[in-house]
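Student: Got input_13.txt for you, compact mmCIF, N, CA, C and O atoms and all ligand atoms:
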```txt
# COMPACT_ATOMS: atom_id res chain seq x y z
N MET A 1 0.83 -1.20 0.00
CA MET A 1 0.00 0.00 0.00
C MET A 1 0.87 1.26 0.00
O MET A 1 1.91 1.32 0.65
N ASP A 2 0.45 2.22 -0.74
CA ASP A 2 1.11 3.51 -0.83
C ASP A 2 1.19 4.17 0.55
O ASP A 2 0.25 4.13 1.33
N LEU A 3 2.35 4.80 0.85
CA LEU A 3 2.54 5.38 2.20
C LEU A 3 1.57 6.53 2.50
O LEU A 3 1.08 6.66 3.62
N MET A 4 1.30 7.36 1.49
CA MET A 4 0.35 8.47 1.68
C MET A 4 -1.03 7.93 2.03
O MET A 4 -1.72 8.45 2.91
N GLU A 5 -1.41 6.91 1.32
CA GLU A 5 -2.71 6.28 1.52
C GLU A 5 -2.78 5.67 2.93
O GLU A 5 -3.76 5.84 3.66
N GLU A 6 -1.71 4.98 3.29
CA GLU A 6 -1.62 4.36 4.62
C GLU A 6 -1.73 5.44 5.71
O GLU A 6 -2.45 5.29 6.68
N ASN A 7 -1.03 6.55 5.51
CA ASN A 7 -1.05 7.67 6.44
C ASN A 7 -2.47 8.23 6.60
O ASN A 7 -2.95 8.45 7.71
N ARG A 8 -3.15 8.43 5.48
CA ARG A 8 -4.51 8.97 5.49
C ARG A 8 -5.45 8.02 6.25
O ARG A 8 -6.25 8.43 7.08
N ARG A 9 -5.28 6.73 5.97
CA ARG A 9 -6.13 5.73 6.61
C ARG A 9 -5.92 5.73 8.13
O ARG A 9 -6.87 5.67 8.90
N LEU A 10 -4.65 5.82 8.54
CA LEU A 10 -4.35 5.82 9.98
C LEU A 10 -4.93 7.05 10.67
O LEU A 10 -5.45 6.97 11.78
N LYS A 11 -4.83 8.22 9.98
CA LYS A 11 -5.40 9.45 10.57
C LYS A 11 -6.90 9.30 10.76
O LYS A 11 -7.44 9.72 11.78
N GLU A 12 -7.56 8.72 9.77
CA GLU A 12 -9.00 8.51 9.87
C GLU A 12 -9.34 7.60 11.05
O GLU A 12 -10.29 7.83 11.78
N GLU A 13 -8.51 6.57 11.19
CA GLU A 13 -8.74 5.61 12.27
C GLU A 13 -8.59 6.29 13.63
O GLU A 13 -9.40 6.09 14.53
N ILE A 14 -7.54 7.10 13.77
CA ILE A 14 -7.31 7.82 15.03
C ILE A 14 -8.48 8.75 15.33
O ILE A 14 -8.97 8.81 16.45
N ASN A 15 -8.95 9.47 14.29
CA ASN A 15 -10.09 10.37 14.49
C ASN A 15 -11.32 9.63 14.96
O ASN A 15 -12.02 10.09 15.87
N SER A 16 -11.59 8.48 14.37
CA SER A 16 -12.80 7.77 14.78
C SER A 16 -12.65 7.21 16.19
O SER A 16 -13.61 7.18 16.95
N ILE A 17 -11.43 6.81 16.57
CA ILE A 17 -11.21 6.35 17.95
C ILE A 17 -11.43 7.51 18.93
O ILE A 17 -12.08 7.36 19.96
N LYS A 18 -10.92 8.70 18.57
CA LYS A 18 -11.11 9.89 19.42
C LYS A 18 -12.59 10.22 19.57
O LYS A 18 -13.06 10.53 20.66
N GLU A 19 -13.31 10.18 18.44
CA GLU A 19 -14.75 10.48 18.47
C GLU A 19 -15.49 9.49 19.37
O GLU A 19 -16.31 9.87 20.18
N ASN A 20 -15.17 8.21 19.21
CA ASN A 20 -15.81 7.18 20.02
C ASN A 20 -15.50 7.36 21.50
O ASN A 20 -16.35 7.15 22.35
N TYR A 21 -14.27 7.78 21.79
CA TYR A 21 -13.87 7.99 23.16
C TYR A 21 -14.67 9.14 23.77
O TYR A 21 -15.21 9.02 24.87
N LYS A 22 -14.78 10.25 23.02
CA LYS A 22 -15.56 11.39 23.51
C LYS A 22 -17.02 11.02 23.73
O LYS A 22 -17.63 11.38 24.73
N LEU A 23 -17.57 10.29 22.76
CA LEU A 23 -18.97 9.86 22.85
C LEU A 23 -19.15 8.91 24.04
O LEU A 23 -20.09 9.03 24.80
N GLY A 24 -18.21 7.99 24.19
CA GLY A 24 -18.29 7.00 25.27
C GLY A 24 -18.34 7.63 26.65
O GLY A 24 -19.01 7.13 27.54
N LYS A 25 -17.65 8.77 26.80
CA LYS A 25 -17.66 9.44 28.10
C LYS A 25 -19.01 10.07 28.42
O LYS A 25 -19.29 10.40 29.55
N LYS A 26 -19.85 10.28 27.38
CA LYS A 26 -21.17 10.88 27.58
C LYS A 26 -22.25 9.82 27.81
O LYS A 26 -23.40 10.16 28.04
N LEU A 27 -21.87 8.55 27.71
CA LEU A 27 -22.89 7.50 27.81
C LEU A 27 -23.03 7.00 29.24
O LEU A 27 -22.05 6.79 29.92
N VAL A 28 -24.27 6.83 29.65
CA VAL A 28 -24.53 6.21 30.95
C VAL A 28 -25.41 4.99 30.70
O VAL A 28 -26.17 4.94 29.73
N ILE A 29 -25.28 4.00 31.57
CA ILE A 29 -26.12 2.82 31.41
C ILE A 29 -27.25 2.88 32.43
O ILE A 29 -27.06 3.25 33.59
N GLU A 30 -28.43 2.60 31.95
CA GLU A 30 -29.62 2.66 32.80
C GLU A 30 -30.61 1.62 32.28
O GLU A 30 -30.91 1.61 31.09
N LYS A 31 -31.08 0.76 33.14
CA LYS A 31 -32.01 -0.31 32.74
C LYS A 31 -31.48 -1.09 31.53
O LYS A 31 -32.17 -1.27 30.53
N SER A 32 -30.22 -1.48 31.57
CA SER A 32 -29.56 -2.28 30.53
C SER A 32 -29.46 -1.61 29.17
O SER A 32 -29.24 -2.27 28.17
N ALA A 33 -29.62 -0.29 29.10
CA ALA A 33 -29.46 0.40 27.83
C ALA A 33 -28.60 1.64 28.05
O ALA A 33 -28.49 2.14 29.16
N TYR A 34 -27.95 2.12 26.97
CA TYR A 34 -27.14 3.33 27.07
C TYR A 34 -27.97 4.56 26.77
O TYR A 34 -28.85 4.54 25.91
N TRP A 35 -27.66 5.64 27.46
CA TRP A 35 -28.25 6.95 27.21
C TRP A 35 -27.11 7.92 27.02
O TRP A 35 -26.12 7.87 27.75
N GLU A 36 -27.25 8.81 26.05
CA GLU A 36 -26.25 9.83 25.83
C GLU A 36 -26.68 11.09 26.56
O GLU A 36 -27.77 11.60 26.34
N ILE A 37 -25.81 11.58 27.44
CA ILE A 37 -26.13 12.76 28.23
C ILE A 37 -25.41 13.96 27.63
O ILE A 37 -24.18 13.97 27.50
N ASN A 38 -26.18 14.96 27.23
CA ASN A 38 -25.63 16.20 26.67
C ASN A 38 -26.17 17.36 27.49
O ASN A 38 -27.23 17.89 27.19
N GLY A 39 -25.47 17.74 28.53
CA GLY A 39 -25.99 18.78 29.41
C GLY A 39 -27.28 18.32 30.05
O GLY A 39 -27.29 17.34 30.78
N ASN A 40 -28.39 19.00 29.73
CA ASN A 40 -29.68 18.60 30.30
C ASN A 40 -30.45 17.64 29.41
O ASN A 40 -31.51 17.16 29.78
N GLU A 41 -29.90 17.40 28.22
CA GLU A 41 -30.60 16.52 27.29
C GLU A 41 -30.18 15.08 27.47
O GLU A 41 -29.02 14.77 27.73
N LYS A 42 -31.16 14.20 27.32
CA LYS A 42 -30.90 12.77 27.45
C LYS A 42 -31.41 12.11 26.17
O LYS A 42 -32.56 12.27 25.80
N ASN A 43 -30.52 11.42 25.48
CA ASN A 43 -30.85 10.86 24.19
C ASN A 43 -30.72 9.34 24.26
O ASN A 43 -29.73 8.83 24.75
N GLY A 44 -31.72 8.64 23.77
CA GLY A 44 -31.63 7.19 23.81
C GLY A 44 -33.00 6.55 23.95
O GLY A 44 -33.99 7.23 23.70
N PRO A 45 -33.13 5.32 24.34
CA PRO A 45 -32.04 4.41 24.73
C PRO A 45 -31.34 3.78 23.52
O PRO A 45 -31.92 3.64 22.47
N PHE A 46 -30.07 3.41 23.74
CA PHE A 46 -29.29 2.74 22.72
C PHE A 46 -28.89 1.35 23.19
O PHE A 46 -28.73 1.12 24.38
N CYS A 47 -28.70 0.46 22.22
CA CYS A 47 -28.34 -0.94 22.52
C CYS A 47 -26.96 -1.02 23.15
O CYS A 47 -25.98 -0.49 22.61
N SER A 48 -26.87 -1.66 24.30
CA SER A 48 -25.57 -1.76 24.98
C SER A 48 -24.64 -2.72 24.26
O SER A 48 -23.44 -2.50 24.16
N GLY A 49 -25.20 -3.81 23.72
CA GLY A 49 -24.38 -4.80 23.02
C GLY A 49 -23.72 -4.23 21.79
O GLY A 49 -22.53 -4.47 21.53
N CYS A 50 -24.47 -3.45 21.00
CA CYS A 50 -23.93 -2.88 19.76
C CYS A 50 -22.83 -1.86 20.06
O CYS A 50 -21.83 -1.80 19.36
N TRP A 51 -23.00 -1.08 21.12
CA TRP A 51 -21.94 -0.12 21.46
C TRP A 51 -20.72 -0.85 22.00
O TRP A 51 -19.59 -0.60 21.59
N ASP A 52 -20.93 -1.79 22.90
CA ASP A 52 -19.80 -2.49 23.51
C ASP A 52 -19.02 -3.32 22.48
O ASP A 52 -17.80 -3.41 22.56
N ASN A 53 -19.72 -3.89 21.51
CA ASN A 53 -19.04 -4.71 20.50
C ASN A 53 -18.45 -3.90 19.36
O ASN A 53 -17.34 -4.19 18.91
N ASN A 54 -19.23 -2.94 18.86
CA ASN A 54 -18.84 -2.29 17.59
C ASN A 54 -18.77 -0.78 17.66
O ASN A 54 -18.60 -0.14 16.63
N ASN A 55 -18.94 -0.19 18.85
CA ASN A 55 -19.00 1.27 18.97
C ASN A 55 -20.04 1.88 18.03
O ASN A 55 -19.84 2.94 17.45
N LYS A 56 -21.17 1.18 17.90
CA LYS A 56 -22.27 1.72 17.11
C LYS A 56 -23.41 2.05 18.06
O LYS A 56 -23.79 1.24 18.90
N LEU A 57 -23.93 3.29 17.93
CA LEU A 57 -25.08 3.67 18.74
C LEU A 57 -26.34 3.32 17.98
O LEU A 57 -26.69 3.98 17.01
N ILE A 58 -27.01 2.26 18.39
CA ILE A 58 -28.22 1.81 17.72
C ILE A 58 -29.40 2.07 18.65
O ILE A 58 -29.43 1.59 19.79
N ARG A 59 -30.35 2.86 18.16
CA ARG A 59 -31.52 3.19 18.98
C ARG A 59 -32.41 1.95 19.08
O ARG A 59 -32.77 1.36 18.07
N ILE A 60 -32.74 1.57 20.30
CA ILE A 60 -33.62 0.40 20.43
C ILE A 60 -35.07 0.83 20.35
O ILE A 60 -35.42 1.96 20.67
N GLN A 61 -35.89 -0.07 19.86
CA GLN A 61 -37.28 0.26 19.58
C GLN A 61 -38.23 -0.65 20.32
O GLN A 61 -37.87 -1.75 20.72
N LYS A 62 -39.46 -0.15 20.47
CA LYS A 62 -40.48 -0.96 21.12
C LYS A 62 -40.80 -2.17 20.26
O LYS A 62 -40.95 -2.06 19.05
N LYS A 63 -40.86 -3.31 20.90
CA LYS A 63 -41.23 -4.50 20.17
C LYS A 63 -42.74 -4.50 19.98
O LYS A 63 -43.48 -4.44 20.97
N PRO A 64 -43.22 -4.54 18.74
CA PRO A 64 -44.66 -4.38 18.52
C PRO A 64 -45.51 -5.49 19.13
O PRO A 64 -46.65 -5.26 19.50
N THR A 65 -44.92 -6.68 19.26
CA THR A 65 -45.73 -7.81 19.70
C THR A 65 -45.69 -8.04 21.20
O THR A 65 -46.35 -8.93 21.71
N ALA A 66 -44.86 -7.28 21.92
CA ALA A 66 -44.75 -7.52 23.36
C ALA A 66 -44.86 -6.21 24.12
O ALA A 66 -44.44 -5.17 23.65
N VAL A 67 -45.46 -6.30 25.27
CA VAL A 67 -45.63 -5.10 26.10
C VAL A 67 -44.36 -4.85 26.90
O VAL A 67 -43.78 -5.77 27.46
N ARG A 68 -43.92 -3.60 26.91
CA ARG A 68 -42.76 -3.17 27.71
C ARG A 68 -41.48 -3.94 27.40
O ARG A 68 -40.65 -4.17 28.28
N ILE A 69 -41.31 -4.32 26.14
CA ILE A 69 -40.05 -4.92 25.73
C ILE A 69 -39.50 -4.09 24.57
O ILE A 69 -40.23 -3.78 23.63
N ASN A 70 -38.22 -3.72 24.69
CA ASN A 70 -37.55 -3.02 23.59
C ASN A 70 -36.65 -4.00 22.88
O ASN A 70 -36.12 -4.94 23.47
N ILE A 71 -36.46 -3.75 21.58
CA ILE A 71 -35.60 -4.64 20.80
C ILE A 71 -34.63 -3.82 19.96
O ILE A 71 -34.99 -2.76 19.44
N CYS A 72 -33.39 -4.33 19.83
CA CYS A 72 -32.40 -3.68 18.97
C CYS A 72 -32.62 -4.18 17.55
O CYS A 72 -32.62 -5.39 17.32
N PRO A 73 -32.80 -3.26 16.58
CA PRO A 73 -33.06 -3.70 15.21
C PRO A 73 -31.85 -4.34 14.55
O PRO A 73 -31.98 -5.00 13.52
N VAL A 74 -30.66 -4.15 15.11
CA VAL A 74 -29.45 -4.70 14.49
C VAL A 74 -29.11 -6.08 15.05
O VAL A 74 -29.02 -7.05 14.32
N CYS A 75 -28.95 -6.19 16.39
CA CYS A 75 -28.52 -7.47 16.94
C CYS A 75 -29.68 -8.27 17.53
O CYS A 75 -29.51 -9.43 17.87
N GLY A 76 -30.86 -7.63 17.66
CA GLY A 76 -32.03 -8.35 18.15
C GLY A 76 -32.09 -8.52 19.65
O GLY A 76 -32.98 -9.20 20.16
N ALA A 77 -31.17 -7.88 20.39
CA ALA A 77 -31.19 -7.99 21.85
C ALA A 77 -32.44 -7.30 22.39
O ALA A 77 -32.87 -6.27 21.88
N THR A 78 -33.05 -7.88 23.40
CA THR A 78 -34.23 -7.28 24.00
C THR A 78 -33.93 -6.79 25.40
O THR A 78 -33.11 -7.37 26.11
N THR A 79 -34.56 -5.68 25.78
CA THR A 79 -34.46 -5.16 27.14
C THR A 79 -35.85 -4.76 27.59
O THR A 79 -36.71 -4.49 26.76
N LYS A 80 -36.01 -4.70 28.88
CA LYS A 80 -37.30 -4.24 29.41
C LYS A 80 -37.35 -2.73 29.36
O LYS A 80 -36.38 -2.06 29.68
N SER A 81 -38.48 -2.20 28.92
CA SER A 81 -38.61 -0.74 28.96
C SER A 81 -39.25 -0.35 30.28
O SER A 81 -39.74 -1.19 31.01
N GLU A 82 -39.25 0.98 30.56
CA GLU A 82 -39.77 1.42 31.85
C GLU A 82 -41.28 1.44 31.87
O GLU A 82 -41.91 1.51 30.87
ZN ZN A 101 -27.87 -4.20 19.32
```
Please lay out the structure from this file as structure tokens.
Tutor:
Amino acid sequence: MDLMEENRRLKEEINSIKENYKLGKKLVIEKSAYWEINGNEKNGPFCSGCWDNNNKLIRIQKKPTAVRINICPVCGATTKSE
């Protein structure tokens, strides 16, 4: 691989690690799901498995067929909603 290309790729990788690190510090876990805290704003819930495995913030959704169960559309993990 070309050195310039390799350099560019590494810079991108470092940036995404930095971004994930900053984002990770804003996340709190509550009722088995992540919430992003931005000052007074609370954003979420997000799948804990998807963040822990892949650093992807996936919004979990209400499962249509079950009461008070949320499901992650990516990995299918379920959590109880409040
Ligand atoms: Zn997930």
Student: Output as JSON the centre and edge lengths (Å, one decimal) of the box along x, y and z of the file that holds every listed atom of segment 26-38 of chain A after adding 4 Å on each side.
Tutor:
```
{"center_x": -26.0, "center_y": 7.8, "center_z": 29.7, "size_x": 20.3, "size_y": 28.2, "size_z": 15.8}
```
Student: Go through the chains and note each residue within 5 Å of ligand ZN 101 (chain A), using all atoms listed in the file, then give the set as a PyMOL selection string.
Tutor: chain A and resi 47+49-50+72+74-76
Student: At a cut-off of 8 Å around the point (-33.1, 4.1, 31.2) (file coordinates), what residues fall inside when counting all atoms listed in the file? I'd like the answer as a PDB file with N, CA, C and O atoms, in the coordinates of the input.
Tutor:
```pdb
ATOM      1  N   VAL A  28     -24.270   6.830  29.650  1.00  0.00           N
ATOM      2  CA  VAL A  28     -24.530   6.210  30.950  1.00  0.00           C
ATOM      3  C   VAL A  28     -25.410   4.990  30.700  1.00  0.00           C
ATOM      4  O   VAL A  28     -26.170   4.940  29.730  1.00  0.00           O
ATOM      5  N   ILE A  29     -25.280   4.000  31.570  1.00  0.00           N
ATOM      6  CA  ILE A  29     -26.120   2.820  31.410  1.00  0.00           C
ATOM      7  C   ILE A  29     -27.250   2.880  32.430  1.00  0.00           C
ATOM      8  O   ILE A  29     -27.060   3.250  33.590  1.00  0.00           O
ATOM      9  N   GLU A  30     -28.430   2.600  31.950  1.00  0.00           N
ATOM     10  CA  GLU A  30     -29.620   2.660  32.800  1.00  0.00           C
ATOM     11  C   GLU A  30     -30.610   1.620  32.280  1.00  0.00           C
ATOM     12  O   GLU A  30     -30.910   1.610  31.090  1.00  0.00           O
ATOM     13  N   LYS A  31     -31.080   0.760  33.140  1.00  0.00           N
ATOM     14  CA  LYS A  31     -32.010  -0.310  32.740  1.00  0.00           C
ATOM     15  C   LYS A  31     -31.480  -1.090  31.530  1.00  0.00           C
ATOM     16  O   LYS A  31     -32.170  -1.270  30.530  1.00  0.00           O
ATOM     17  N   SER A  32     -30.220  -1.480  31.570  1.00  0.00           N
ATOM     18  CA  SER A  32     -29.560  -2.280  30.530  1.00  0.00           C
ATOM     19  C   SER A  32     -29.460  -1.610  29.170  1.00  0.00           C
ATOM     20  O   SER A  32     -29.240  -2.270  28.170  1.00  0.00           O
ATOM     21  N   ALA A  33     -29.620  -0.290  29.100  1.00  0.00           N
ATOM     22  CA  ALA A  33     -29.460   0.400  27.830  1.00  0.00           C
ATOM     23  C   ALA A  33     -28.600   1.640  28.050  1.00  0.00           C
ATOM     24  O   ALA A  33     -28.490   2.140  29.160  1.00  0.00           O
ATOM     25  N   TYR A  34     -27.950   2.120  26.970  1.00  0.00           N
ATOM     26  CA  TYR A  34     -27.140   3.330  27.070  1.00  0.00           C
ATOM     27  C   TYR A  34     -27.970   4.560  26.770  1.00  0.00           C
ATOM     28  O   TYR A  34     -28.850   4.540  25.910  1.00  0.00           O
ATOM     29  N   TRP A  35     -27.660   5.640  27.460  1.00  0.00           N
ATOM     30  CA  TRP A  35     -28.250   6.950  27.210  1.00  0.00           C
ATOM     31  C   TRP A  35     -27.110   7.920  27.020  1.00  0.00           C
ATOM     32  O   TRP A  35     -26.120   7.870  27.750  1.00  0.00           O
ATOM     33  N   GLY A  44     -31.720   8.640  23.770  1.00  0.00           N
ATOM     34  CA  GLY A  44     -31.630   7.190  23.810  1.00  0.00           C
ATOM     35  C   GLY A  44     -33.000   6.550  23.950  1.00  0.00           C
ATOM     36  O   GLY A  44     -33.990   7.230  23.700  1.00  0.00           O
ATOM     37  N   PRO A  45     -33.130   5.320  24.340  1.00  0.00           N
ATOM     38  CA  PRO A  45     -32.040   4.410  24.730  1.00  0.00           C
ATOM     39  C   PRO A  45     -31.340   3.780  23.520  1.00  0.00           C
ATOM     40  O   PRO A  45     -31.920   3.640  22.470  1.00  0.00           O
ATOM     41  N   LYS A  80     -36.010  -4.700  28.880  1.00  0.00           N
ATOM     42  CA  LYS A  80     -37.300  -4.240  29.410  1.00  0.00           C
ATOM     43  C   LYS A  80     -37.350  -2.730  29.360  1.00  0.00           C
ATOM     44  O   LYS A  80     -36.380  -2.060  29.680  1.00  0.00           O
ATOM     45  N   SER A  81     -38.480  -2.200  28.920  1.00  0.00           N
ATOM     46  CA  SER A  81     -38.610  -0.740  28.960  1.00  0.00           C
ATOM     47  C   SER A  81     -39.250  -0.350  30.280  1.00  0.00           C
ATOM     48  O   SER A  81     -39.740  -1.190  31.010  1.00  0.00           O
ATOM     49  N   GLU A  82     -39.250   0.980  30.560  1.00  0.00           N
ATOM     50  CA  GLU A  82     -39.770   1.420  31.850  1.00  0.00           C
ATOM     51  C   GLU A  82     -41.280   1.440  31.870  1.00  0.00           C
ATOM     52  O   GLU A  82     -41.910   1.510  30.870  1.00  0.00           O
TER      53      GLU A  82
END
```
Student: Using only N, CA, C and O atoms, what table do you get, as JSON lines, when you list each residue of segment 30-58 of chain A with an atom no more than 7 Å from segment 3-24 of chain A, its nearest pair of atoms, and their distance in Å rounded to one decimal, rows by chain then rising number?
Tutor:
```
{"residue": "A:Trp35", "atom": "O", "partner": "A:Leu23", "partner_atom": "O", "distance": 6.8}
{"residue": "A:Glu36", "atom": "CA", "partner": "A:Leu23", "partner_atom": "O", "distance": 6.3}
{"residue": "A:Ile37", "atom": "N", "partner": "A:Leu23", "partner_atom": "O", "distance": 6.8}
{"residue": "A:Asn55", "atom": "O", "partner": "A:Asn20", "partner_atom": "CA", "distance": 6.4}
```
Student: One decimal, Å: what's the distance from atom O of Asn53 of chain A over to atom N of Ile69 of chain A, could you say?
Tutor: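 Computing it gives 25.0 Å between the two atoms.
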Student: Quick one: pick out all strand (DSSP E or B) residues within chain A from a backbone DSSP run and write them as a list in words.
Tutor: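 Across chain A, those assigned strand (DSSP E or B) are Leu27, Val28, Ile29, Glu30, Ala33, Tyr34, Trp35, Glu36, Ile37, Asn38, Glu41, Lys42, Asn43, Gly44, Pro45, Phe46, Cys47, Arg59, Gln61, Lys62, Ile69, Asn70, Ile71, Thr78, Thr79 and Lys80 of chain A.
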Student: Which distance in Å separates atom CA of Asp52 of chain A and atom CA of Asn38 of chain A, to one decimal?
Tutor: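 Between atom CA of Asp52 of chain A and atom CA of Asn38 of chain A the gap is 19.8 Å.
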Student: Report the distance between atom CA of Leu57 of chain A and atom CA of Lys42 of chain A in Å, rounded to one decimal place.
Tutor: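 The value is 13.9 Å.
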Student: Based on DSSP run over this structure's backbone, return all residues of segment 1-52 of chain A in helix (DSSP H, G or I), as a list in words.
Tutor: Leu3, Met4, Glu5, Glu6, Asn7, Arg8, Arg9, Leu10, Lys11, Glu12, Glu13, Ile14, Asn15, Ser16, Ile17, Lys18, Glu19, Asn20, Tyr21, Lys22, Leu23, Gly24, Lys25, Ser48, Gly49, Cys50, Trp51 and Asp52 of chain A
Student: I'd like to know which of A:Gly39, A:Pro64, A:Asp2, A:Ser48 is closest to Ala77 of chain A, using only N, CA, C and O atoms.
Tutor: A:Ser48
Student: Output segment 44-60 of chain A from the block with N, CA, C and O atoms, as a PDB file, in the first residue's frame?
Tutor:
```pdb
ATOM      1  N   GLY A  44     -31.722   8.636  23.772  1.00  0.00           N
ATOM      2  CA  GLY A  44     -31.632   7.187  23.813  1.00  0.00           C
ATOM      3  C   GLY A  44     -32.995   6.554  23.950  1.00  0.00           C
ATOM      4  O   GLY A  44     -33.988   7.226  23.703  1.00  0.00           O
ATOM      5  N   PRO A  45     -33.131   5.321  24.337  1.00  0.00           N
ATOM      6  CA  PRO A  45     -32.043   4.413  24.730  1.00  0.00           C
ATOM      7  C   PRO A  45     -31.343   3.777  23.522  1.00  0.00           C
ATOM      8  O   PRO A  45     -31.924   3.637  22.470  1.00  0.00           O
ATOM      9  N   PHE A  46     -30.073   3.408  23.739  1.00  0.00           N
ATOM     10  CA  PHE A  46     -29.291   2.738  22.717  1.00  0.00           C
ATOM     11  C   PHE A  46     -28.886   1.349  23.190  1.00  0.00           C
ATOM     12  O   PHE A  46     -28.729   1.117  24.385  1.00  0.00           O
ATOM     13  N   CYS A  47     -28.703   0.455  22.216  1.00  0.00           N
ATOM     14  CA  CYS A  47     -28.341  -0.935  22.515  1.00  0.00           C
ATOM     15  C   CYS A  47     -26.957  -1.016  23.151  1.00  0.00           C
ATOM     16  O   CYS A  47     -25.985  -0.488  22.606  1.00  0.00           O
ATOM     17  N   SER A  48     -26.868  -1.658  24.304  1.00  0.00           N
ATOM     18  CA  SER A  48     -25.569  -1.757  24.984  1.00  0.00           C
ATOM     19  C   SER A  48     -24.644  -2.724  24.264  1.00  0.00           C
ATOM     20  O   SER A  48     -23.439  -2.500  24.155  1.00  0.00           O
ATOM     21  N   GLY A  49     -25.202  -3.808  23.717  1.00  0.00           N
ATOM     22  CA  GLY A  49     -24.375  -4.801  23.021  1.00  0.00           C
ATOM     23  C   GLY A  49     -23.719  -4.228  21.787  1.00  0.00           C
ATOM     24  O   GLY A  49     -22.534  -4.471  21.533  1.00  0.00           O
ATOM     25  N   CYS A  50     -24.471  -3.447  21.001  1.00  0.00           N
ATOM     26  CA  CYS A  50     -23.929  -2.877  19.763  1.00  0.00           C
ATOM     27  C   CYS A  50     -22.833  -1.862  20.059  1.00  0.00           C
ATOM     28  O   CYS A  50     -21.831  -1.804  19.358  1.00  0.00           O
ATOM     29  N   TRP A  51     -22.996  -1.081  21.119  1.00  0.00           N
ATOM     30  CA  TRP A  51     -21.938  -0.124  21.465  1.00  0.00           C
ATOM     31  C   TRP A  51     -20.718  -0.855  21.999  1.00  0.00           C
ATOM     32  O   TRP A  51     -19.594  -0.599  21.588  1.00  0.00           O
ATOM     33  N   ASP A  52     -20.929  -1.794  22.904  1.00  0.00           N
ATOM     34  CA  ASP A  52     -19.804  -2.494  23.506  1.00  0.00           C
ATOM     35  C   ASP A  52     -19.025  -3.317  22.481  1.00  0.00           C
ATOM     36  O   ASP A  52     -17.802  -3.412  22.555  1.00  0.00           O
ATOM     37  N   ASN A  53     -19.719  -3.887  21.509  1.00  0.00           N
ATOM     38  CA  ASN A  53     -19.037  -4.709  20.501  1.00  0.00           C
ATOM     39  C   ASN A  53     -18.445  -3.905  19.360  1.00  0.00           C
ATOM     40  O   ASN A  53     -17.341  -4.193  18.905  1.00  0.00           O
ATOM     41  N   ASN A  54     -19.234  -2.936  18.857  1.00  0.00           N
ATOM     42  CA  ASN A  54     -18.844  -2.287  17.593  1.00  0.00           C
ATOM     43  C   ASN A  54     -18.774  -0.776  17.657  1.00  0.00           C
ATOM     44  O   ASN A  54     -18.602  -0.139  16.628  1.00  0.00           O
ATOM     45  N   ASN A  55     -18.944  -0.185  18.854  1.00  0.00           N
ATOM     46  CA  ASN A  55     -19.001   1.269  18.972  1.00  0.00           C
ATOM     47  C   ASN A  55     -20.044   1.882  18.034  1.00  0.00           C
ATOM     48  O   ASN A  55     -19.843   2.945  17.446  1.00  0.00           O
ATOM     49  N   LYS A  56     -21.165   1.184  17.898  1.00  0.00           N
ATOM     50  CA  LYS A  56     -22.269   1.721  17.105  1.00  0.00           C
ATOM     51  C   LYS A  56     -23.409   2.054  18.057  1.00  0.00           C
ATOM     52  O   LYS A  56     -23.787   1.242  18.896  1.00  0.00           O
ATOM     53  N   LEU A  57     -23.934   3.290  17.926  1.00  0.00           N
ATOM     54  CA  LEU A  57     -25.082   3.668  18.741  1.00  0.00           C
ATOM     55  C   LEU A  57     -26.343   3.318  17.979  1.00  0.00           C
ATOM     56  O   LEU A  57     -26.692   3.978  17.006  1.00  0.00           O
ATOM     57  N   ILE A  58     -27.006   2.264  18.390  1.00  0.00           N
ATOM     58  CA  ILE A  58     -28.221   1.808  17.723  1.00  0.00           C
ATOM     59  C   ILE A  58     -29.402   2.071  18.653  1.00  0.00           C
ATOM     60  O   ILE A  58     -29.430   1.586  19.785  1.00  0.00           O
ATOM     61  N   ARG A  59     -30.352   2.860  18.159  1.00  0.00           N
ATOM     62  CA  ARG A  59     -31.516   3.192  18.976  1.00  0.00           C
ATOM     63  C   ARG A  59     -32.414   1.950  19.083  1.00  0.00           C
ATOM     64  O   ARG A  59     -32.769   1.357  18.073  1.00  0.00           O
ATOM     65  N   ILE A  60     -32.745   1.565  20.297  1.00  0.00           N
ATOM     66  CA  ILE A  60     -33.618   0.400  20.435  1.00  0.00           C
ATOM     67  C   ILE A  60     -35.074   0.833  20.348  1.00  0.00           C
ATOM     68  O   ILE A  60     -35.417   1.964  20.668  1.00  0.00           O
TER      69      ILE A  60
END
```
